[in-house]
file data36.pdb (PDB, C-alpha atoms and all ligand atoms)
ATOM      1  CA  MET C  12      24.553-110.772   1.687  1.00  0.00           C
ATOM      2  CA  ARG C  13      23.555-107.382   3.011  1.00  0.00           C
ATOM      3  CA  SER C  14      20.893-105.326   1.358  1.00  0.00           C
ATOM      4  CA  ARG C  15      21.357-101.847   0.001  1.00  0.00           C
ATOM      5  CA  LYS C  16      19.044-100.580   2.701  1.00  0.00           C
ATOM      6  CA  GLU C  17      21.193-102.021   5.478  1.00  0.00           C
ATOM      7  CA  ILE C  18      24.299-100.462   4.013  1.00  0.00           C
ATOM      8  CA  LYS C  19      22.558 -97.107   3.763  1.00  0.00           C
ATOM      9  CA  VAL C  20      21.490 -97.332   7.398  1.00  0.00           C
ATOM     10  CA  GLU C  21      25.062 -98.085   8.388  1.00  0.00           C
ATOM     11  CA  ALA C  22      26.346 -95.142   6.379  1.00  0.00           C
ATOM     12  CA  ALA C  23      23.778 -92.872   8.022  1.00  0.00           C
ATOM     13  CA  LYS C  24      24.804 -94.076  11.468  1.00  0.00           C
ATOM     14  CA  ALA C  25      28.438 -93.423  10.694  1.00  0.00           C
ATOM     15  CA  ALA C  26      27.532 -89.952   9.445  1.00  0.00           C
ATOM     16  CA  ASN C  27      25.626 -89.189  12.633  1.00  0.00           C
ATOM     17  CA  LEU C  28      28.568 -90.257  14.699  1.00  0.00           C
ATOM     18  CA  LEU C  29      30.757 -87.935  12.672  1.00  0.00           C
ATOM     19  CA  ILE C  30      28.431 -85.016  13.309  1.00  0.00           C
ATOM     20  CA  MET C  31      28.384 -85.745  17.019  1.00  0.00           C
ATOM     21  CA  LYS C  32      32.132 -85.912  17.245  1.00  0.00           C
ATOM     22  CA  GLY C  33      32.790 -83.605  14.360  1.00  0.00           C
ATOM     23  CA  TYR C  34      33.254 -80.282  16.009  1.00  0.00           C
ATOM     24  CA  CYS C  35      36.282 -80.798  18.128  1.00  0.00           C
ATOM     25  CA  ALA C  36      39.203 -83.187  18.120  1.00  0.00           C
ATOM     26  CA  ASP C  37      39.821 -82.664  21.803  1.00  0.00           C
ATOM     27  CA  LYS C  38      39.050 -85.814  23.751  1.00  0.00           C
ATOM     28  CA  THR C  39      39.430 -84.341  27.216  1.00  0.00           C
ATOM     29  CA  HIS C  40      35.780 -83.349  27.400  1.00  0.00           C
ATOM     30  CA  GLU C  41      32.467 -84.556  26.089  1.00  0.00           C
ATOM     31  CA  TRP C  42      31.031 -82.996  22.980  1.00  0.00           C
ATOM     32  CA  GLU C  43      28.172 -81.399  24.911  1.00  0.00           C
ATOM     33  CA  LYS C  44      30.675 -79.684  27.181  1.00  0.00           C
ATOM     34  CA  CYS C  45      33.005 -78.451  24.502  1.00  0.00           C
ATOM     35  CA  PRO C  46      34.216 -74.950  25.426  1.00  0.00           C
ATOM     36  CA  ARG C  47      35.191 -74.364  21.814  1.00  0.00           C
ATOM     37  CA  ARG C  48      31.647 -74.975  20.660  1.00  0.00           C
ATOM     38  CA  LYS C  49      30.103 -72.876  23.439  1.00  0.00           C
ATOM     39  CA  GLN C  50      32.295 -69.907  22.622  1.00  0.00           C
ATOM     40  CA  ASN C  51      31.676 -70.173  18.891  1.00  0.00           C
ATOM     41  CA  GLU C  52      35.307 -70.732  18.188  1.00  0.00           C
ATOM     42  CA  GLU C  53      36.540 -72.325  15.021  1.00  0.00           C
ATOM     43  CA  PRO C  54      35.859 -76.003  14.989  1.00  0.00           C
ATOM     44  CA  LYS C  55      38.715 -78.444  15.012  1.00  0.00           C
ATOM     45  CA  CYS C  56      38.071 -81.254  12.601  1.00  0.00           C
ATOM     46  CA  LYS C  57      38.799 -84.578  14.186  1.00  0.00           C
ATOM     47  CA  ASN C  58      39.198 -86.310  10.842  1.00  0.00           C
ATOM     48  CA  CYS C  59      41.828 -83.907   9.592  1.00  0.00           C
ATOM     49  CA  TRP C  60      43.483 -83.473  12.966  1.00  0.00           C
ATOM     50  CA  GLU C  61      44.010 -87.190  13.354  1.00  0.00           C
ATOM     51  CA  ASN C  62      45.172 -87.544   9.785  1.00  0.00           C
ATOM     52  CA  GLY C  63      47.880 -84.935  10.230  1.00  0.00           C
ATOM     53  CA  ILE C  64      46.157 -82.150   8.247  1.00  0.00           C
ATOM     54  CA  LYS C  65      46.357 -79.867  11.280  1.00  0.00           C
ATOM     55  CA  THR C  66      46.785 -76.573   9.465  1.00  0.00           C
ATOM     56  CA  GLU C  67      43.509 -77.054   7.590  1.00  0.00           C
ATOM     57  CA  ALA C  68      41.435 -78.509  10.391  1.00  0.00           C
ATOM     58  CA  ASN C  69      39.380 -75.354  11.039  1.00  0.00           C
ATOM     59  CA  HIS C  70      36.112 -76.802   9.837  1.00  0.00           C
ATOM     60  CA  GLU C  71      33.613 -79.238  11.219  1.00  0.00           C
ATOM     61  CA  ALA C  72      34.221 -82.896  10.504  1.00  0.00           C
ATOM     62  CA  PHE C  73      30.973 -83.110   8.557  1.00  0.00           C
ATOM     63  CA  SER C  74      31.742 -80.018   6.512  1.00  0.00           C
ATOM     64  CA  ASN C  75      32.142 -80.238   2.763  1.00  0.00           C
ATOM     65  CA  LYS C  76      35.542 -78.653   3.248  1.00  0.00           C
ATOM     66  CA  CYS C  77      36.787 -81.753   4.957  1.00  0.00           C
ATOM     67  CA  LYS C  78      39.123 -83.684   2.694  1.00  0.00           C
ATOM     68  CA  VAL C  79      38.959 -86.773   4.861  1.00  0.00           C
ATOM     69  CA  ARG C  80      35.183 -86.717   4.741  1.00  0.00           C
ATOM     70  CA  GLN C  81      35.227 -86.284   0.974  1.00  0.00           C
ATOM     71  CA  LYS C  82      37.277 -89.439   0.743  1.00  0.00           C
ATOM     72  CA  TRP C  83      34.816 -91.293   2.981  1.00  0.00           C
ATOM     73  CA  ASP C  84      31.899 -90.111   0.903  1.00  0.00           C
ATOM     74  CA  GLU C  85      33.512 -91.480  -2.210  1.00  0.00           C
ATOM     75  CA  ILE C  86      34.086 -94.825  -0.549  1.00  0.00           C
ATOM     76  CA  ALA C  87      30.498 -94.946   0.709  1.00  0.00           C
ATOM     77  CA  ARG C  88      29.153 -94.010  -2.702  1.00  0.00           C
ATOM     78  CA  SER C  89      31.234 -96.595  -4.530  1.00  0.00           C
ATOM     79  CA  ARG C  90      30.125 -99.310  -2.082  1.00  0.00           C
ATOM     80  CA  ILE C  91      26.474 -98.480  -2.628  1.00  0.00           C
ATOM     81  CA  ALA C  92      26.978 -98.361  -6.378  1.00  0.00           C
ATOM     82  CA  TYR C  93      28.613-101.765  -6.642  1.00  0.00           C
ATOM     83  CA  CYS C  94      26.531-103.898  -4.344  1.00  0.00           C
TER      84      CYS C  94
HETATM   85 ZN    ZN K   1      36.103 -79.340  22.396  1.00  0.00          ZN
HETATM   86 ZN    ZN K   2      38.378 -82.297   8.132  1.00  0.00          ZN
END

call {"tool": "encode", "arguments": {"input": "data36.pdb", "output": "structure tokens"}}
result
Amino acid sequence: MRSRKEIKVEAAKAANLLIMKGYCADKTHEWEKCPRRKQNEEPKCKNCWENGIKTEANHEAFSNKCKVRQKWDEIARSRIAYC
């Protein structure tokens, strides 16, 4: 059985990955080279974009505005609470 600590580390890793990939849903370039990010354009949330919420994807994937992220947070919280 996994410890709480291990689960927290996993959640933190997943969150970091989200931040890295969070700004732009465009996969044709690397995050570091994102023209959108360099020009301070609106971010395009990968979570929302890929879940079909394209009209409301103008936030970063790790933003509190992100509905997909909110759902993930709830799942993560409930897992930590019940283990
Ligand atoms: Zn980009
Ligand atoms: Zn989003």

call {"tool": "closest_residue", "arguments": {"input": "data36.pdb", "among": "C:Cys56, C:Ala23, C:Ala92, C:Ala87", "to": "ligand ZN 2 (chain K)", "atoms": "all atoms listed in the file"}}
result
C:Cys56

call {"tool": "closest_residue", "arguments": {"input": "data36.pdb", "among": "C:Ile64, C:Met12, C:Cys35, C:Ile86", "to": "Glu52 of chain C", "atoms": "all atoms listed in the file"}}
result
C:Cys35

call {"tool": "residues_near_ligand", "arguments": {"input": "data36.pdb", "ligand": "ligand ZN 1 (chain K)", "cutoff": "6 Å", "atoms": "all atoms listed in the file", "output": "NGL selection string"}}
result
:C and (35 or 37 or 45-47)

call {"tool": "closest_atom_pairs", "arguments": {"input": "data36.pdb", "of": "chain C", "to": "ligand ZN 2 (chain K)", "cutoff": "8 Å", "atoms": "all atoms listed in the file", "output": "CSV"}}
result
residue,atom,partner,partner_atom,distance
C:Lys55,CA,K:ZN2,ZN,7.9
C:Cys56,CA,K:ZN2,ZN,4.6
C:Lys57,CA,K:ZN2,ZN,6.5
C:Asn58,CA,K:ZN2,ZN,4.9
C:Cys59,CA,K:ZN2,ZN,4.1
C:Trp60,CA,K:ZN2,ZN,7.1
C:Ile64,CA,K:ZN2,ZN,7.8
C:Glu67,CA,K:ZN2,ZN,7.4
C:Ala68,CA,K:ZN2,ZN,5.4
C:Asn69,CA,K:ZN2,ZN,7.6
C:His70,CA,K:ZN2,ZN,6.2
C:Glu71,CA,K:ZN2,ZN,6.4
C:Ala72,CA,K:ZN2,ZN,4.8
C:Phe73,CA,K:ZN2,ZN,7.5
C:Ser74,CA,K:ZN2,ZN,7.2
C:Lys76,CA,K:ZN2,ZN,6.7
C:Cys77,CA,K:ZN2,ZN,3.6
C:Lys78,CA,K:ZN2,ZN,5.7
C:Val79,CA,K:ZN2,ZN,5.6
C:Arg80,CA,K:ZN2,ZN,6.4

call {"tool": "atom_distance", "arguments": {"input": "data36.pdb", "atom1": "atom CA of Asn75 of chain C", "atom2": "atom CA of Glu41 of chain C"}}
result
23.7 Å

call {"tool": "atom_distance", "arguments": {"input": "data36.pdb", "atom1": "atom CA of Ala36 of chain C", "atom2": "atom CA of Ala22 of chain C"}}
result
21.1 Å

call {"tool": "residues_around", "arguments": {"input": "data36.pdb", "residues": "segment 89-91 of chain C", "least_positions_apart": "5", "cutoff": "8 Å", "atoms": "all atoms listed in the file", "output": "VMD selection string"}}
result
chain C and resid 15 18 to 19

call {"tool": "atom_distance", "arguments": {"input": "data36.pdb", "atom1": "atom CA of Lys24 of chain C", "atom2": "atom CA of Lys65 of chain C"}}
result
25.8 Å

call {"tool": "axis_aligned_box", "arguments": {"input": "data36.pdb", "around": "segment 85-92 of chain C", "padding_each_side": "5 Å", "output": "AutoDock Vina command-line options"}}
result
--center_x 30.3 --center_y -95.4 --center_z -2.8 --size_x 17.6 --size_y 17.8 --size_z 17.1

call {"tool": "decode", "arguments": {"input": "data36.pdb", "residues": "segment 76-91 of chain C", "atoms": "N, CA and C atoms", "output": "short mmCIF file (atom, residue, chain, number, x, y, z; two decimals), in the first residue's frame"}}
result
data_model
loop_
_atom_site.label_atom_id
_atom_site.label_comp_id
_atom_site.auth_asym_id
_atom_site.auth_seq_id
_atom_site.Cartn_x
_atom_site.Cartn_y
_atom_site.Cartn_z
N LYS C 76 -9.13 29.26 -12.74
CA LYS C 76 -10.29 29.38 -13.63
C LYS C 76 -10.57 28.08 -14.37
N CYS C 77 -9.58 27.21 -14.37
CA CYS C 77 -9.71 26.02 -15.20
C CYS C 77 -10.66 25.00 -14.59
N LYS C 78 -11.74 24.73 -15.29
CA LYS C 78 -12.74 23.80 -14.77
C LYS C 78 -12.21 22.38 -14.73
N VAL C 79 -11.38 22.05 -15.71
CA VAL C 79 -10.82 20.70 -15.75
C VAL C 79 -9.89 20.49 -14.57
N ARG C 80 -9.09 21.52 -14.31
CA ARG C 80 -8.17 21.46 -13.18
C ARG C 80 -8.92 21.37 -11.86
N GLN C 81 -10.00 22.11 -11.74
CA GLN C 81 -10.80 22.06 -10.52
C GLN C 81 -11.27 20.64 -10.24
N LYS C 82 -11.66 19.98 -11.32
CA LYS C 82 -12.12 18.60 -11.19
C LYS C 82 -10.98 17.70 -10.71
N TRP C 83 -9.80 17.90 -11.29
CA TRP C 83 -8.62 17.13 -10.90
C TRP C 83 -8.28 17.36 -9.44
N ASP C 84 -8.35 18.60 -9.03
CA ASP C 84 -8.03 18.94 -7.64
C ASP C 84 -8.96 18.19 -6.68
N GLU C 85 -10.22 18.14 -7.05
CA GLU C 85 -11.18 17.44 -6.20
C GLU C 85 -10.84 15.96 -6.12
N ILE C 86 -10.48 15.39 -7.24
CA ILE C 86 -10.11 13.97 -7.26
C ILE C 86 -8.88 13.74 -6.40
N ALA C 87 -7.88 14.60 -6.55
CA ALA C 87 -6.64 14.46 -5.79
C ALA C 87 -6.93 14.60 -4.30
N ARG C 88 -7.76 15.57 -3.95
CA ARG C 88 -8.08 15.80 -2.55
C ARG C 88 -8.82 14.60 -1.96
N SER C 89 -9.78 14.08 -2.70
CA SER C 89 -10.56 12.96 -2.17
C SER C 89 -9.68 11.72 -2.01
N ARG C 90 -8.72 11.54 -2.90
CA ARG C 90 -7.81 10.39 -2.79
C ARG C 90 -6.96 10.51 -1.53
N ILE C 91 -6.46 11.71 -1.27
CA ILE C 91 -5.61 11.91 -0.11
C ILE C 91 -6.44 11.73 1.16
#
